[in-house]
Every structure is written in C-alpha cells, then in structure tokens.
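Below: the structure, in structure tokens.
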Amino acid sequence: MSNTAVTDELLEALDYEHYWNGLSTPMRDDVNPLSKEEKIEKIRSHFKSIMETLGMDLNDDSLQETPLRVAKMYVNEVFKGLDADNKPAIKLFKNGYKYKEMLVERDITVYSYCEHHFVPIIGKAHVAYISNGNVIGLSKINRLVEYYSKRPQVQERLNEQIARALIEVLKTEDVAVIIDAEHLCVKSRGIQDTASSTVTASYHGKFKNETTRKEFLTYINLNA
C-alpha cells in the first residue's frame, strides 16, 4: 500500500469495510432502534432496580432522581458515541500552505469508559498526520477523539478507531495516534494500583519509518 494516498478504489480492493467492522464497538443488530427518550426510560427503570437490589431507599430526597440522572448521563453524555448521528461532520481543505511536514496535535483529552466494568478511562491522545494535499480543522481531530471515546471501550480499539477514522477522512495512510490513559478499573478496584497508566500506539504509512516515528515521539515528549 502507498505511503501517500488512499483512494476509494484501494479501500474497496482491500475490503476496508470488513476490516473496519472488526474494530467496531460490539453492537447488537437484532433489536429495533429506540429513540433517546425510550432509551432513557428503559435505563432509568433498570438502574432503579439495581439501586433497590442494593438496598438503597429511593424515597430519600438525595436518591429519588438518581436513576433518571444516570440514564440521561449514559444516553446524552458518556455514551453518546454509540449514536452514529453524533459522528462529527468533517470538511477537507486544500493544503494551500504547501506544508509537507507532520502536523501534531498533542494532549487531547480522552474521557471514556471501560467496557468491562463501566468505569472511566481518563488520559490524553496525541495525533499526527502528514498531508497528501488535504487538511482538516484542528478542532475536528478533537471531535473525532471525543466521538470514539464516548462509548464503552477498550483502549486498543479506541486507538485504532481514531487512527482508521483519520485515514478514511484524510485519504492518506500517514497517520499516527498514541493514547496514554489511566483506567479506574485498575485504580479503584481489584489491584487498586493508583500509579500506573496504559500506553497504546497506532502507526501507519510514513510513521512506520523509525526516523519519522522518533520525530513524532519527540514532539509529544515521549522517549523514542
């Protein structure tokens, strides 16, 4: 595969969609889609049952609205990335500056949820690409990171989803994504290790070259 451009024909030839589906968040396809209101009501009801099972008194003023608050938070905030309608629209611009070096955006906030325990994953994403003639607005990179973060995740998949989305949008393989995050499933339960973090990386195109990769790592202040 070329290190510069990815055409629609090439993506089709490589069965790109099949590969992409392998990286997709596991979703059922045998259920009727629910409206946001229906999702909120079902989650509210189920979470109310969970709290009652735990022995909590939902007649208490502090707890009465908790099931609804949790339901709204799940649907409208922390898991809004499960709704394809929330995927950011990204417009390409011509690289009129003729800038041919890598563009790096570092320290992008990652706030996701571990799909194994539904507790937060908090960290930073560092993203780079080399333009093959097109660029995107900087804020769109942040929005893509946010979109894929706002769903139950494992960090390796999140890393690849962001990278593959950028490859698809920019029509170039020359993309790199690193995520450095803390998992509250490690910090707040089980081993309760509060000092560790997890780093994952996805290098494509020119970033597979050691020199290019080292330059990227230097920009984000990570040891090569």
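Labels used: A, B, ... for chains in the order of the structure tokens, numbers from 1 for residues in each chain, and numbers from 1 for ligands as shown.
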Q) Can you list, as a PyMOL selection string, every protein, DNA or RNA residue that comes within 9 Å of A:Val175 when you count only C-alpha atoms, leaving out same-chain residues fewer than 4 positions away? A) chain A and resi 127-130+163-164+166-167+202-207
(Q) List the spatial neighbours of stretch 86-96 of chain A as an NGL selection string - criterion: any atom at most 9 Å away, only C-alpha atoms, same-chain residues fewer than 3 positions off excluded. (A) :A and (80-83 or 99-100 or 131-137 or 140 or 143-144 or 147-148 or 169-170)
Prev. selection, C-alpha atoms, output as a compact mmCIF listing (two decimals), in the first residue's frame:
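Saved the output as out-v2.txt:
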# COMPACT_ATOMS: atom_id res chain seq x y z
CA LYS A 80 -23.30 9.41 23.03
CA GLY A 81 -20.64 7.98 20.71
CA LEU A 82 -22.84 4.89 20.28
CA ASP A 83 -25.22 7.03 18.21
CA TYR A 99 3.01 22.33 4.34
CA LYS A 100 4.66 18.93 3.89
CA SER A 131 -0.90 15.91 4.45
CA ASN A 132 -1.10 14.47 0.95
CA GLY A 133 -2.85 17.62 -0.30
CA ASN A 134 -5.72 18.00 2.18
CA VAL A 135 -6.03 19.15 5.77
CA ILE A 136 -8.82 19.27 8.34
CA GLY A 137 -9.65 21.83 11.02
CA LYS A 140 -12.17 18.17 14.15
CA ARG A 143 -14.11 15.89 17.98
CA LEU A 144 -13.16 12.56 16.42
CA TYR A 147 -16.77 10.71 19.44
CA TYR A 148 -14.97 7.38 19.67
CA VAL A 169 -11.17 11.17 6.22
CA LEU A 170 -7.76 12.42 5.08
Q) Please, which residues of stretch 16-147 of chain A, numbered as in this document, come out strand (DSSP E) from DSSP, as a ChimeraX atom specification? A) /A:92-94,102-114,120-130,134-136
Store the residues picked out above in a file with C-alpha atoms, as a PDB file, in the first residue's frame.
ATOM      1  CA  LEU A  92     -11.449  18.776   3.961  1.00  0.00           C
ATOM      2  CA  PHE A  93      -9.481  21.848   2.955  1.00  0.00           C
ATOM      3  CA  LYS A  94      -6.766  22.136   0.360  1.00  0.00           C
ATOM      4  CA  MET A 102       3.880  16.305  10.048  1.00  0.00           C
ATOM      5  CA  LEU A 103       1.123  18.086  11.897  1.00  0.00           C
ATOM      6  CA  VAL A 104       0.900  17.084  15.545  1.00  0.00           C
ATOM      7  CA  GLU A 105      -1.899  17.760  17.992  1.00  0.00           C
ATOM      8  CA  ARG A 106      -0.983  16.528  21.432  1.00  0.00           C
ATOM      9  CA  ASP A 107      -2.632  16.244  24.851  1.00  0.00           C
ATOM     10  CA  ILE A 108      -6.178  15.816  23.509  1.00  0.00           C
ATOM     11  CA  THR A 109      -8.440  14.875  26.400  1.00  0.00           C
ATOM     12  CA  VAL A 110      -9.644  11.276  26.407  1.00  0.00           C
ATOM     13  CA  TYR A 111     -12.566  10.529  28.700  1.00  0.00           C
ATOM     14  CA  SER A 112     -14.004   7.110  28.012  1.00  0.00           C
ATOM     15  CA  TYR A 113     -15.468   4.163  29.926  1.00  0.00           C
ATOM     16  CA  CYS A 114     -14.042   0.674  30.304  1.00  0.00           C
ATOM     17  CA  PRO A 120     -13.781   5.795  33.487  1.00  0.00           C
ATOM     18  CA  ILE A 121     -10.679   5.699  31.325  1.00  0.00           C
ATOM     19  CA  ILE A 122      -9.006   9.110  31.559  1.00  0.00           C
ATOM     20  CA  GLY A 123      -5.998  10.263  29.606  1.00  0.00           C
ATOM     21  CA  LYS A 124      -4.541  12.048  26.610  1.00  0.00           C
ATOM     22  CA  ALA A 125      -4.371  11.299  22.901  1.00  0.00           C
ATOM     23  CA  HIS A 126      -1.561  12.505  20.658  1.00  0.00           C
ATOM     24  CA  VAL A 127      -2.389  12.601  16.956  1.00  0.00           C
ATOM     25  CA  ALA A 128      -0.227  13.292  13.908  1.00  0.00           C
ATOM     26  CA  TYR A 129      -0.629  13.178  10.154  1.00  0.00           C
ATOM     27  CA  ILE A 130       1.269  14.203   7.053  1.00  0.00           C
ATOM     28  CA  ASN A 134      -5.720  17.998   2.175  1.00  0.00           C
ATOM     29  CA  VAL A 135      -6.027  19.153   5.772  1.00  0.00           C
ATOM     30  CA  ILE A 136      -8.821  19.273   8.339  1.00  0.00           C
TER      31      ILE A 136
END
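Relative to atom CA of A:Val75, atom CA of A:Phe47 is found at 13.2 Å.
When only C-alpha atoms are used to compute distances to A:Ser188, the closest of the residues A:Glu156, A:Pro33, A:Val119, A:Met73 turns out to be A:Val119.
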Q: May I have all residues of stretch 59-196 of chain A that DSSP, computed from the backbone, assigns to alpha helix (DSSP H), given as a ChimeraX atom specification?
A: /A:66-73,138-149,155-170,184-187
Q) Contacts of A:Leu58 at 12 Å or less, counting only C-alpha atoms, minus same-chain residues fewer than 5 places along, as a PyMOL selection string? A) chain A and resi 47-53+63-68
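Our summary of the geometry notes that atom CA of A:Lys36 is positioned 27.9 Å from atom CA of A:Cys185.
Nearest to A:Arg44 of all the residues A:Asp30, A:Ala71, A:Leu23, A:Arg213 is A:Ala71, counting only C-alpha atoms.
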Q: Quick one: pull the distance between atom CA of A:Glu160 and atom CA of A:Ala195, Å, one decimal.
A: 25.1 Å
